[in-house]
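Worksheet for the structure shown next.
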There are 2 protein chains.
Amino acid sequence: MEKTKKYILSENQIPEQWYNIQADMPNAMLPPLHPGTKQPIGPADLAPLFPMELIKQEVSKERWIDIPEEVRDVYKLWRPSPLFRATNFEKLLDTPAKIYYKYEGVSPAGSHKPNTAVPQAYYNKMEGVKKIATETGAGQWGSALSFACNHFGIDLEVYMVKVSYEQKPYRKFMMNTWGANVYSSPTNRTESGRKVLADDPNSPGSLGIAISEAVERAATSTDTKYSLGSVLNHVLMHQTVIGLESIKQMELAGDFPDIVIGCFGGGSNFAGISFPFLGLNFREGKKVRCIAAEPSSCPKLTKGEFRYDFGDTVGLTPLIPMYTLGHTFMPAPIHAGGLRYHGAGAIVSQLLKDKLIEAQSFHQIECFDAGVKFARSEGIIPAPESNHAIACAVKEALKAKAEGTPKTILFNLSGHGNFDMSAYDAYFSGKLVEHHLTEQELHADLEMLETPVIA
Amino acid sequence: MEKTKKYILSENQIPEQWYNIQADMPNAMLPPLHPGTKQPIGPADLAPLFPMELIKQEVSKERWIDIPEEVRDVYKLWRPSPLFRATNFEKLLDTPAKIYYKYEGVSPAGSHKPNTAVPQAYYNKMEGVKKIATETGAGQWGSALSFACNHFGIDLEVYMVKVSYEQKPYRKFMMNTWGANVYSSPTNRTESGRKVLADDPNSPGSLGIAISEAVERAATSTDTKYSLGSVLNHVLMHQTVIGLESIKQMELAGDFPDIVIGCFGGGSNFAGISFPFLGLNFREGKKVRCIAAEPSSCPKLTKGEFRYDFGDTVGLTPLIPMYTLGHTFMPAPIHAGGLRYHGAGAIVSQLLKDKLIEAQSFHQIECFDAGVKFARSEGIIPAPESNHAIACAVKEALKAKAEGTPKTILFNLSGHGNFDMSAYDAYFSGKLVEHHLTEQELHADLEMLETPVIA
């Protein structure tokens, strides 16, 4: 076996500021629009949902935003996270490429999500918020926010997609352990939920529906705010601690990546690893290729349309300029639950539109092929979401081999697979289903959209 | 919230030697006996089961044993593990005691078990062994050895207790992911298994039966060795990396423990944290109290008998001088599967006999009470086994408060609870059952023993 190559930073090297890519993007994004008036929204429109400090961050053009000491202090529980060179994986692939990975599964919730859950809970706490409502799919985000809200003493309601609530209860118990109340969505607690249940009492739920429920709770209660685990600008910015640490760790390794890869759901873990490197592209003329790896069954970046769309199913959120499959698109039940979302955040969408980043899609089985190879060579069992980044790294490493050009690849191993072992069982027992979208399925939801098209 | 206090070591501070307490124990242990002849066994008797290097370690009186570079290199994947001061937990308990914990859940398998799985796989590899057989209860040990055997390219057969195999399949899938073959024990693959099945075709299995099966496989195959995850001297010694690192980390904290606590199944994690401190007691006159925390439903240390007994149910292993409940004792189905074992290792038993360590027992519900308090104050959800150490820390911290004597307490958080969330669900929904042993149940198995009594 090859030697373990691990690059660790000391605690005082936890970043002191987040990187805000809005300061450096060549083209600014289009503004979000009010869902009713279709006019650009301002901070006041978001005030019912978010504390003012997060709204400021959402629209800030400052390049660096200070990370509060109280947040860095909680980060210390697991940060700085380690960066490894995957020497045994390289050997297995017989590639001239060097492959590095940043490992975010070391957090208490087991993924990168606490990087933003902690500051979101903190800013709510500072502004006197007593209660937060949120949604979760398979539970990564819900458990991360439960951890964070528990830490700062904030009550939390989680609307968990019914099919996950019933089939994958372990993350629900994790949220309970951290004191959160978890509801199977759609519920009878909200107008949005009741509407869905009236149409279909057996609705399996979806992330879009759960978002509608949580947003409605916040919008209609004076004591409750809303929190989102991806898509929004401030959320993506909080994740840049991943890439900022990685830059220092690649320096320790005496190396620099040609290619940076993150899996893609709404954009938070991709942004986390790639935005700081894109910043170097913008400011220092580096040429890092940043690749978002999404599932073939939910291909908003590679097959979606760039236009205004809602963030939720019912249509309560602002309209966001995004690559989307349509807010009513119902993704196939792949095991990478965190990637089953119809749209991409505004920043990532603008960057893709401007060809400053790339996107690739991967089928479920090739992702598990790659994930199992990785587990057997590097010893860590990845989350199904992260397997998409690994599949992309494999593809690029084999391309480097075919072309005889040694490349340096860095990917984000966004979480461990401890709560996803039934997916691995399905893979080993040949029960993993491949979901092939027809052109008709791809366009059906987009054709129904009545939201503004971007010229 | 209080500030996070984490004490981390650099990679070159991973210990270079294990600590062998046999060099310093005031009274040597009695010898293990051959199961047939009842005469002391020598290295040749163990040769069918273990590689010679491990047999040498088993009987060595050398104080320090070098850790091979190849083993330290794999340790680097997660070691040195962090040590925290549990400041928020202290505040919650309103105690003048200072509570520290060493966190071993950061390993790929999620517990302290890889500390010995890796060197065991390594020494087998060095001596040309192609295949290993082992047993596992809930799966902590089986997954750790799967990880290690996969790393060194050794085939692994795991005999997993049937009731866990069926009710807790996720660790089985984890073992499969690392390439191990896992069998539901009792099986038809061994004489021992067939014997049990003949008596009871629906036997739920037990750790003792699974050990019989694995030992038999190794004893009757020329190409297969056996590996055990606790109890034996060399296994306990490999775990001393935990305590050796802790001593350095307590120095970083400018502190030193009055009390050191580990939960207790066969002894490996208790030994890992406590033996290096006991060494300081023996050599430097320190007065650290070392407490083993065991379940009330399987109380070999607090209610067992010190005598010779088998390590397995069928009676294939050497006779070990141990505190035991009788090798046919069937522990209640508590959620801390790793603590459901009838006996204690020989070293720990001798130390307890000589009153050099202490033992306390805890009921299941008070352990989960403590574990949930810990999760809500410190952010990490513990394994049910580790909850016993936490319950003991709570007891000692509250005692310190009652007595008005500030104490410094260190416990080993031996693993995370990611695979045990159904146990937390049972706790929250009031379904957790308390198992109270009657005096009759406690003595029934001991009375049937025909093995030599120690005068």
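Quick note on naming: the chains in the structure tokens go A, B, ... in the order shown, residues restart at 1 in each chain, and ligands are numbered from 1 in order of appearance.
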Need the shell around range 158-168 of chain B: protein/DNA/RNA residues with any atom at most 9 Å away, counting only C-alpha atoms. Skip same-chain ones fewer than 3 positions apart. Format as an mmCIF file with all heavy atoms, in the first residue's frame?
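Result file is part-v5.cif:
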data_model
loop_
_atom_site.group_PDB
_atom_site.id
_atom_site.type_symbol
_atom_site.label_atom_id
_atom_site.label_comp_id
_atom_site.auth_asym_id
_atom_site.auth_seq_id
_atom_site.Cartn_x
_atom_site.Cartn_y
_atom_site.Cartn_z
ATOM 1 N N ILE B 132 -8.472 -14.550 7.238
ATOM 2 C CA ILE B 132 -8.729 -14.458 8.674
ATOM 3 C C ILE B 132 -10.214 -14.728 8.920
ATOM 4 O O ILE B 132 -11.062 -14.354 8.098
ATOM 5 C CB ILE B 132 -8.332 -13.058 9.220
ATOM 6 C CG1 ILE B 132 -6.810 -12.871 9.137
ATOM 7 C CG2 ILE B 132 -8.803 -12.865 10.665
ATOM 8 C CD1 ILE B 132 -6.308 -11.506 9.594
ATOM 9 N N ALA B 133 -10.495 -15.407 10.039
ATOM 10 C CA ALA B 133 -11.889 -15.572 10.475
ATOM 11 C C ALA B 133 -12.061 -14.825 11.792
ATOM 12 O O ALA B 133 -11.160 -14.816 12.635
ATOM 13 C CB ALA B 133 -12.214 -17.051 10.670
ATOM 14 N N THR B 134 -13.201 -14.183 11.952
ATOM 15 C CA THR B 134 -13.484 -13.508 13.222
ATOM 16 C C THR B 134 -14.983 -13.520 13.481
ATOM 17 O O THR B 134 -15.766 -13.977 12.627
ATOM 18 C CB THR B 134 -12.940 -12.061 13.237
ATOM 19 O OG1 THR B 134 -12.880 -11.601 14.592
ATOM 20 C CG2 THR B 134 -13.841 -11.121 12.428
ATOM 21 N N GLU B 135 -15.359 -13.048 14.666
ATOM 22 C CA GLU B 135 -16.774 -12.951 15.007
ATOM 23 C C GLU B 135 -17.093 -11.481 15.250
ATOM 24 O O GLU B 135 -16.201 -10.668 15.467
ATOM 25 C CB GLU B 135 -17.079 -13.736 16.287
ATOM 26 C CG GLU B 135 -16.491 -13.108 17.547
ATOM 27 C CD GLU B 135 -14.991 -13.247 17.627
ATOM 28 O OE1 GLU B 135 -14.473 -14.273 17.116
ATOM 29 O OE2 GLU B 135 -14.297 -12.355 18.148
ATOM 30 N N THR B 136 -18.386 -11.157 15.244
ATOM 31 C CA THR B 136 -18.789 -9.813 15.642
ATOM 32 C C THR B 136 -20.201 -9.853 16.190
ATOM 33 O O THR B 136 -21.002 -10.707 15.784
ATOM 34 C CB THR B 136 -18.660 -8.821 14.464
ATOM 35 O OG1 THR B 136 -18.636 -7.484 14.965
ATOM 36 C CG2 THR B 136 -19.826 -8.952 13.487
ATOM 37 N N GLY B 137 -20.462 -8.964 17.159
ATOM 38 C CA GLY B 137 -21.805 -8.867 17.721
ATOM 39 C C GLY B 137 -22.591 -7.879 16.884
ATOM 40 O O GLY B 137 -23.049 -8.184 15.787
ATOM 41 N N ALA B 138 -22.717 -6.664 17.373
ATOM 42 C CA ALA B 138 -23.446 -5.631 16.631
ATOM 43 C C ALA B 138 -22.658 -5.153 15.412
ATOM 44 O O ALA B 138 -23.218 -4.523 14.526
ATOM 45 C CB ALA B 138 -23.746 -4.462 17.545
ATOM 46 N N GLY B 139 -21.349 -5.433 15.356
ATOM 47 C CA GLY B 139 -20.616 -5.154 14.128
ATOM 48 C C GLY B 139 -19.462 -4.186 14.217
ATOM 49 O O GLY B 139 -18.781 -3.942 13.221
ATOM 50 N N GLY B 142 -16.278 -6.315 13.644
ATOM 51 C CA GLY B 142 -16.262 -6.859 12.287
ATOM 52 C C GLY B 142 -15.982 -5.789 11.251
ATOM 53 O O GLY B 142 -15.219 -6.009 10.298
ATOM 54 N N SER B 146 -12.718 -5.572 8.870
ATOM 55 C CA SER B 146 -12.952 -5.520 7.422
ATOM 56 C C SER B 146 -12.138 -4.390 6.794
ATOM 57 O O SER B 146 -11.487 -4.562 5.758
ATOM 58 C CB SER B 146 -14.430 -5.290 7.110
ATOM 59 O OG SER B 146 -15.224 -6.310 7.640
ATOM 60 N N ARG B 171 -24.284 -2.364 9.544
ATOM 61 C CA ARG B 171 -22.847 -2.632 9.687
ATOM 62 C C ARG B 171 -22.423 -3.803 8.801
ATOM 63 O O ARG B 171 -21.289 -3.865 8.363
ATOM 64 C CB ARG B 171 -22.485 -2.873 11.150
ATOM 65 C CG ARG B 171 -22.333 -1.561 11.909
ATOM 66 C CD ARG B 171 -21.323 -1.680 13.044
ATOM 67 N NE ARG B 171 -21.128 -0.401 13.668
ATOM 68 C CZ ARG B 171 -20.125 0.433 13.372
ATOM 69 N NH1 ARG B 171 -19.214 0.103 12.483
ATOM 70 N NH2 ARG B 171 -20.023 1.599 13.978
ATOM 71 N N LYS B 172 -23.338 -4.723 8.533
ATOM 72 C CA LYS B 172 -23.038 -5.816 7.601
ATOM 73 C C LYS B 172 -22.727 -5.238 6.212
ATOM 74 O O LYS B 172 -21.749 -5.626 5.566
ATOM 75 C CB LYS B 172 -24.224 -6.784 7.534
ATOM 76 C CG LYS B 172 -24.043 -7.889 6.512
ATOM 77 C CD LYS B 172 -25.257 -8.821 6.451
ATOM 78 C CE LYS B 172 -26.535 -8.091 6.125
ATOM 79 N NZ LYS B 172 -27.588 -8.920 5.543
ATOM 80 N N MET B 175 -19.333 -3.834 6.167
ATOM 81 C CA MET B 175 -18.305 -4.882 6.005
ATOM 82 C C MET B 175 -18.232 -5.341 4.550
ATOM 83 O O MET B 175 -17.148 -5.524 4.004
ATOM 84 C CB MET B 175 -18.613 -6.068 6.928
ATOM 85 C CG MET B 175 -18.550 -5.708 8.411
ATOM 86 S SD MET B 175 -18.895 -7.151 9.492
ATOM 87 C CE MET B 175 -20.301 -6.560 10.416
ATOM 88 N N ALA B 180 -15.580 -7.838 2.924
ATOM 89 C CA ALA B 180 -15.635 -9.037 3.782
ATOM 90 C C ALA B 180 -16.861 -9.888 3.468
ATOM 91 O O ALA B 180 -17.877 -9.393 2.993
ATOM 92 C CB ALA B 180 -15.666 -8.615 5.253
ATOM 93 N N ASN B 181 -16.743 -11.205 3.744
ATOM 94 C CA ASN B 181 -17.891 -12.105 3.674
ATOM 95 C C ASN B 181 -18.471 -12.240 5.077
ATOM 96 O O ASN B 181 -17.757 -12.596 6.009
ATOM 97 C CB ASN B 181 -17.466 -13.482 3.158
ATOM 98 C CG ASN B 181 -17.066 -13.417 1.696
ATOM 99 O OD1 ASN B 181 -17.815 -12.918 0.865
ATOM 100 N ND2 ASN B 181 -15.863 -13.887 1.390
ATOM 101 N N VAL B 182 -19.753 -11.968 5.203
ATOM 102 C CA VAL B 182 -20.387 -11.954 6.516
ATOM 103 C C VAL B 182 -21.431 -13.060 6.586
ATOM 104 O O VAL B 182 -22.256 -13.185 5.675
ATOM 105 C CB VAL B 182 -21.061 -10.583 6.781
ATOM 106 C CG1 VAL B 182 -21.563 -10.506 8.214
ATOM 107 C CG2 VAL B 182 -20.091 -9.438 6.488
ATOM 108 N N TYR B 183 -21.363 -13.899 7.647
ATOM 109 C CA TYR B 183 -22.301 -15.008 7.806
ATOM 110 C C TYR B 183 -23.115 -14.829 9.077
ATOM 111 O O TYR B 183 -22.596 -14.380 10.095
ATOM 112 C CB TYR B 183 -21.538 -16.336 7.870
ATOM 113 C CG TYR B 183 -20.677 -16.582 6.660
ATOM 114 C CD1 TYR B 183 -19.300 -16.345 6.710
ATOM 115 C CD2 TYR B 183 -21.235 -17.014 5.459
ATOM 116 C CE1 TYR B 183 -18.506 -16.546 5.587
ATOM 117 C CE2 TYR B 183 -20.448 -17.215 4.335
ATOM 118 C CZ TYR B 183 -19.080 -16.981 4.406
ATOM 119 O OH TYR B 183 -18.299 -17.168 3.295
ATOM 120 N N SER B 184 -24.374 -15.220 8.996
ATOM 121 C CA SER B 184 -25.259 -15.157 10.154
ATOM 122 C C SER B 184 -24.981 -16.365 11.042
ATOM 123 O O SER B 184 -25.207 -17.497 10.652
ATOM 124 C CB SER B 184 -26.709 -15.158 9.661
ATOM 125 O OG SER B 184 -27.592 -15.297 10.737
ATOM 126 N N SER B 185 -24.480 -16.113 12.260
ATOM 127 C CA SER B 185 -24.070 -17.191 13.168
ATOM 128 C C SER B 185 -25.164 -17.492 14.187
ATOM 129 O O SER B 185 -25.720 -16.553 14.762
ATOM 130 C CB SER B 185 -22.779 -16.780 13.893
ATOM 131 O OG SER B 185 -22.517 -17.645 14.978
ATOM 132 N N PRO B 186 -25.495 -18.770 14.463
ATOM 133 C CA PRO B 186 -24.824 -20.001 14.046
ATOM 134 C C PRO B 186 -25.056 -20.353 12.571
ATOM 135 O O PRO B 186 -26.162 -20.166 12.064
ATOM 136 C CB PRO B 186 -25.448 -21.054 14.956
ATOM 137 C CG PRO B 186 -26.767 -20.501 15.374
ATOM 138 C CD PRO B 186 -26.579 -19.019 15.425
ATOM 139 N N THR B 187 -23.990 -20.883 11.943
ATOM 140 C CA THR B 187 -24.058 -21.295 10.535
ATOM 141 C C THR B 187 -23.946 -22.814 10.448
ATOM 142 O O THR B 187 -23.638 -23.487 11.428
ATOM 143 C CB THR B 187 -22.871 -20.735 9.724
ATOM 144 O OG1 THR B 187 -21.680 -21.478 10.069
ATOM 145 C CG2 THR B 187 -22.624 -19.274 9.993
ATOM 146 N N SER B 203 -31.954 -20.694 17.036
ATOM 147 C CA SER B 203 -31.041 -19.984 17.938
ATOM 148 C C SER B 203 -30.747 -18.573 17.428
ATOM 149 O O SER B 203 -30.412 -18.397 16.255
ATOM 150 C CB SER B 203 -29.724 -20.755 18.052
ATOM 151 O OG SER B 203 -28.733 -19.917 18.611
ATOM 152 N N PRO B 204 -30.893 -17.561 18.303
ATOM 153 C CA PRO B 204 -30.590 -16.178 17.874
ATOM 154 C C PRO B 204 -29.090 -15.931 17.803
ATOM 155 O O PRO B 204 -28.659 -14.876 17.372
ATOM 156 C CB PRO B 204 -31.218 -15.337 18.989
ATOM 157 C CG PRO B 204 -31.183 -16.212 20.202
ATOM 158 C CD PRO B 204 -31.339 -17.630 19.707
ATOM 159 N N GLY B 205 -28.303 -16.923 18.250
ATOM 160 C CA GLY B 205 -26.853 -16.739 18.261
ATOM 161 C C GLY B 205 -26.401 -15.942 19.462
ATOM 162 O O GLY B 205 -27.205 -15.381 20.200
ATOM 163 N N SER B 206 -25.090 -15.936 19.687
ATOM 164 C CA SER B 206 -24.492 -15.121 20.755
ATOM 165 C C SER B 206 -23.032 -14.914 20.380
ATOM 166 O O SER B 206 -22.499 -15.601 19.502
ATOM 167 C CB SER B 206 -24.577 -15.837 22.103
ATOM 168 O OG SER B 206 -23.633 -16.887 22.156
ATOM 169 N N LEU B 207 -22.391 -13.964 21.046
ATOM 170 C CA LEU B 207 -20.994 -13.695 20.745
ATOM 171 C C LEU B 207 -20.146 -14.940 21.024
ATOM 172 O O LEU B 207 -19.248 -15.291 20.262
ATOM 173 C CB LEU B 207 -20.509 -12.507 21.584
ATOM 174 C CG LEU B 207 -19.318 -11.728 21.040
ATOM 175 C CD1 LEU B 207 -19.507 -11.318 19.592
ATOM 176 C CD2 LEU B 207 -19.054 -10.510 21.905
ATOM 177 N N ILE B 209 -20.994 -18.082 20.793
ATOM 178 C CA ILE B 209 -21.159 -19.064 19.715
ATOM 179 C C ILE B 209 -20.377 -18.625 18.474
ATOM 180 O O ILE B 209 -19.686 -19.420 17.830
ATOM 181 C CB ILE B 209 -22.659 -19.223 19.351
ATOM 182 C CG1 ILE B 209 -23.436 -19.811 20.544
ATOM 183 C CG2 ILE B 209 -22.817 -20.097 18.105
ATOM 184 C CD1 ILE B 209 -24.960 -19.732 20.381
ATOM 185 N N ALA B 210 -20.468 -17.351 18.156
ATOM 186 C CA ALA B 210 -19.775 -16.842 16.966
ATOM 187 C C ALA B 210 -18.262 -16.996 17.117
ATOM 188 O O ALA B 210 -17.559 -17.322 16.150
ATOM 189 C CB ALA B 210 -20.153 -15.379 16.729
ATOM 190 N N ILE B 211 -17.754 -16.782 18.343
ATOM 191 C CA ILE B 211 -16.321 -16.999 18.582
ATOM 192 C C ILE B 211 -15.974 -18.462 18.328
ATOM 193 O O ILE B 211 -14.986 -18.775 17.661
ATOM 194 C CB ILE B 211 -15.927 -16.597 20.025
ATOM 195 C CG1 ILE B 211 -16.115 -15.086 20.235
ATOM 196 C CG2 ILE B 211 -14.475 -16.985 20.325
ATOM 197 C CD1 ILE B 211 -15.829 -14.606 21.662
ATOM 198 N N GLU B 213 -17.333 -20.519 16.327
ATOM 199 C CA GLU B 213 -17.313 -20.778 14.882
ATOM 200 C C GLU B 213 -16.031 -20.256 14.232
ATOM 201 O O GLU B 213 -15.378 -20.959 13.460
ATOM 202 C CB GLU B 213 -18.538 -20.149 14.210
ATOM 203 C CG GLU B 213 -19.845 -20.811 14.617
ATOM 204 C CD GLU B 213 -20.891 -20.725 13.507
ATOM 205 O OE1 GLU B 213 -21.620 -19.709 13.477
ATOM 206 O OE2 GLU B 213 -20.977 -21.644 12.683
ATOM 207 N N ALA B 214 -15.663 -19.030 14.577
ATOM 208 C CA ALA B 214 -14.474 -18.433 13.953
ATOM 209 C C ALA B 214 -13.206 -19.171 14.385
ATOM 210 O O ALA B 214 -12.314 -19.436 13.565
ATOM 211 C CB ALA B 214 -14.388 -16.943 14.303
ATOM 212 N N GLY B 337 -24.441 -3.544 22.275
ATOM 213 C CA GLY B 337 -24.083 -4.903 21.873
ATOM 214 C C GLY B 337 -22.635 -5.253 22.164
ATOM 215 O O GLY B 337 -22.299 -6.406 22.437
ATOM 216 N N PHE B 419 -24.760 4.294 13.887
ATOM 217 C CA PHE B 419 -25.412 3.037 13.525
ATOM 218 C C PHE B 419 -26.376 2.566 14.614
ATOM 219 O O PHE B 419 -26.851 1.442 14.574
ATOM 220 C CB PHE B 419 -24.358 1.964 13.243
ATOM 221 C CG PHE B 419 -23.621 2.209 11.960
ATOM 222 C CD1 PHE B 419 -22.486 2.993 11.947
ATOM 223 C CD2 PHE B 419 -24.105 1.696 10.768
ATOM 224 C CE1 PHE B 419 -21.821 3.251 10.754
ATOM 225 C CE2 PHE B 419 -23.444 1.945 9.581
ATOM 226 C CZ PHE B 419 -22.298 2.730 9.568
ATOM 227 N N ASP B 420 -26.632 3.407 15.571
ATOM 228 C CA ASP B 420 -27.434 3.008 16.725
ATOM 229 C C ASP B 420 -28.616 3.929 16.958
ATOM 230 O O ASP B 420 -29.130 4.018 18.072
ATOM 231 C CB ASP B 420 -26.537 3.001 17.973
ATOM 232 C CG ASP B 420 -25.313 2.130 17.779
ATOM 233 O OD1 ASP B 420 -25.463 0.906 17.825
ATOM 234 O OD2 ASP B 420 -24.215 2.679 17.553
#
Next item on the list: Select from range 121-291 of chain B everything DSSP, run on the backbone, classes as alpha helix (DSSP H), then give the selection as number ranges by chain.
Entry: B: 121-126, 140-152, 162-167, 170-177, 191-199, 207-220, 233-238, 241-252, 268-284
Margin query: Quick one: residues within 8 Å of range 245-250 of chain B, only C-alpha atoms, excluding same-chain residues fewer than 6 positions away - as a ChimeraX atom specification?
Written below: /B:7-9,13-15,80,83,102,256-257,273,276-277
Next item on the list: Within 9 Å of Pro452 in chain A, counting only C-alpha atoms, which residues show up once you throw out same-chain ones fewer than 4 positions away? Write them as JSON, numbers by chain, please.
Entry: {"A": [38, 307, 308, 309, 319]}
Next item on the list: Using only C-alpha atoms, find the one residue out of A:Leu244, A:Ala344, A:Leu252, A:Ala426 that sits nearest to chain B.
Entry: A:Ala426
Per-residue nearest contacts chain B to chain A, cut-off 6 Å, using only C-alpha atoms, as a tab-separated table:
residue	atom	partner	partner_atom	distance
B:Thr4	CA	A:Asp73	CA	5.8
B:Asp73	CA	A:Thr4	CA	5.8
B:Pro108	CA	A:Ile380	CA	5.6
B:Tyr170	CA	A:Met421	CA	5.4
B:Phe173	CA	A:Asp425	CA	5.7
B:Trp178	CA	A:Arg376	CA	5.5
B:Arg376	CA	A:Trp178	CA	5.5
B:Ile380	CA	A:Pro108	CA	5.6
B:Met421	CA	A:Tyr170	CA	5.4
B:Asp425	CA	A:Phe173	CA	5.7
Can you write just those residues out, N, CA, C and O atoms, as a PDB file, in the first residue's frame?
ATOM      1  N   THR B   4     -15.163  26.209  22.909  1.00  0.00           N
ATOM      2  CA  THR B   4     -14.697  24.861  22.582  1.00  0.00           C
ATOM      3  C   THR B   4     -13.240  24.714  22.995  1.00  0.00           C
ATOM      4  O   THR B   4     -12.406  25.546  22.625  1.00  0.00           O
ATOM      5  N   ASP B  73       1.368   4.433   9.755  1.00  0.00           N
ATOM      6  CA  ASP B  73       0.943   5.100   8.532  1.00  0.00           C
ATOM      7  C   ASP B  73      -0.573   4.983   8.325  1.00  0.00           C
ATOM      8  O   ASP B  73      -1.218   5.940   7.903  1.00  0.00           O
ATOM      9  N   PRO B 108     -12.373   5.498  10.466  1.00  0.00           N
ATOM     10  CA  PRO B 108     -13.298   5.160   9.371  1.00  0.00           C
ATOM     11  C   PRO B 108     -14.418   4.220   9.802  1.00  0.00           C
ATOM     12  O   PRO B 108     -15.528   4.307   9.309  1.00  0.00           O
ATOM     13  N   TYR B 170     -27.003  -2.671   8.854  1.00  0.00           N
ATOM     14  CA  TYR B 170     -26.185  -1.627   8.223  1.00  0.00           C
ATOM     15  C   TYR B 170     -24.698  -1.847   8.382  1.00  0.00           C
ATOM     16  O   TYR B 170     -23.911  -1.559   7.468  1.00  0.00           O
ATOM     17  N   PHE B 173     -23.560  -4.300   5.768  1.00  0.00           N
ATOM     18  CA  PHE B 173     -23.316  -3.697   4.456  1.00  0.00           C
ATOM     19  C   PHE B 173     -21.978  -2.960   4.449  1.00  0.00           C
ATOM     20  O   PHE B 173     -21.275  -2.902   3.437  1.00  0.00           O
ATOM     21  N   TRP B 178     -16.293  -3.039   2.405  1.00  0.00           N
ATOM     22  CA  TRP B 178     -14.847  -3.242   2.530  1.00  0.00           C
ATOM     23  C   TRP B 178     -14.439  -4.667   2.131  1.00  0.00           C
ATOM     24  O   TRP B 178     -13.337  -5.116   2.445  1.00  0.00           O
ATOM     25  N   ARG B 376     -26.575  16.720  23.607  1.00  0.00           N
ATOM     26  CA  ARG B 376     -27.185  18.060  23.541  1.00  0.00           C
ATOM     27  C   ARG B 376     -26.256  19.155  24.046  1.00  0.00           C
ATOM     28  O   ARG B 376     -26.452  20.321  23.729  1.00  0.00           O
ATOM     29  N   ILE B 380     -21.866  15.693  20.014  1.00  0.00           N
ATOM     30  CA  ILE B 380     -21.547  14.386  19.427  1.00  0.00           C
ATOM     31  C   ILE B 380     -22.508  13.347  20.005  1.00  0.00           C
ATOM     32  O   ILE B 380     -22.701  13.276  21.217  1.00  0.00           O
ATOM     33  N   MET B 421     -29.062   4.618  15.901  1.00  0.00           N
ATOM     34  CA  MET B 421     -30.118   5.604  16.106  1.00  0.00           C
ATOM     35  C   MET B 421     -31.443   4.954  16.493  1.00  0.00           C
ATOM     36  O   MET B 421     -32.277   5.572  17.141  1.00  0.00           O
ATOM     37  N   ASP B 425     -34.131   6.069  19.312  1.00  0.00           N
ATOM     38  CA  ASP B 425     -35.572   6.139  19.074  1.00  0.00           C
ATOM     39  C   ASP B 425     -36.312   5.384  20.173  1.00  0.00           C
ATOM     40  O   ASP B 425     -37.295   5.889  20.727  1.00  0.00           O
TER      41      ASP B 425
END
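The neighbours of Ile390 in chain B here are the residues that come within 9 Å of it, using only C-alpha atoms and leaving out any residue fewer than 2 positions away in the same chain; they are Ile261, Gly262, Cys263, Ala293, Cys367, Ala370, Gly371, Phe374, Ser386, Asn387, His388, Cys392, Ala393, Val394, Lys395, Phe411, Asn412 and Leu413 of chain B.
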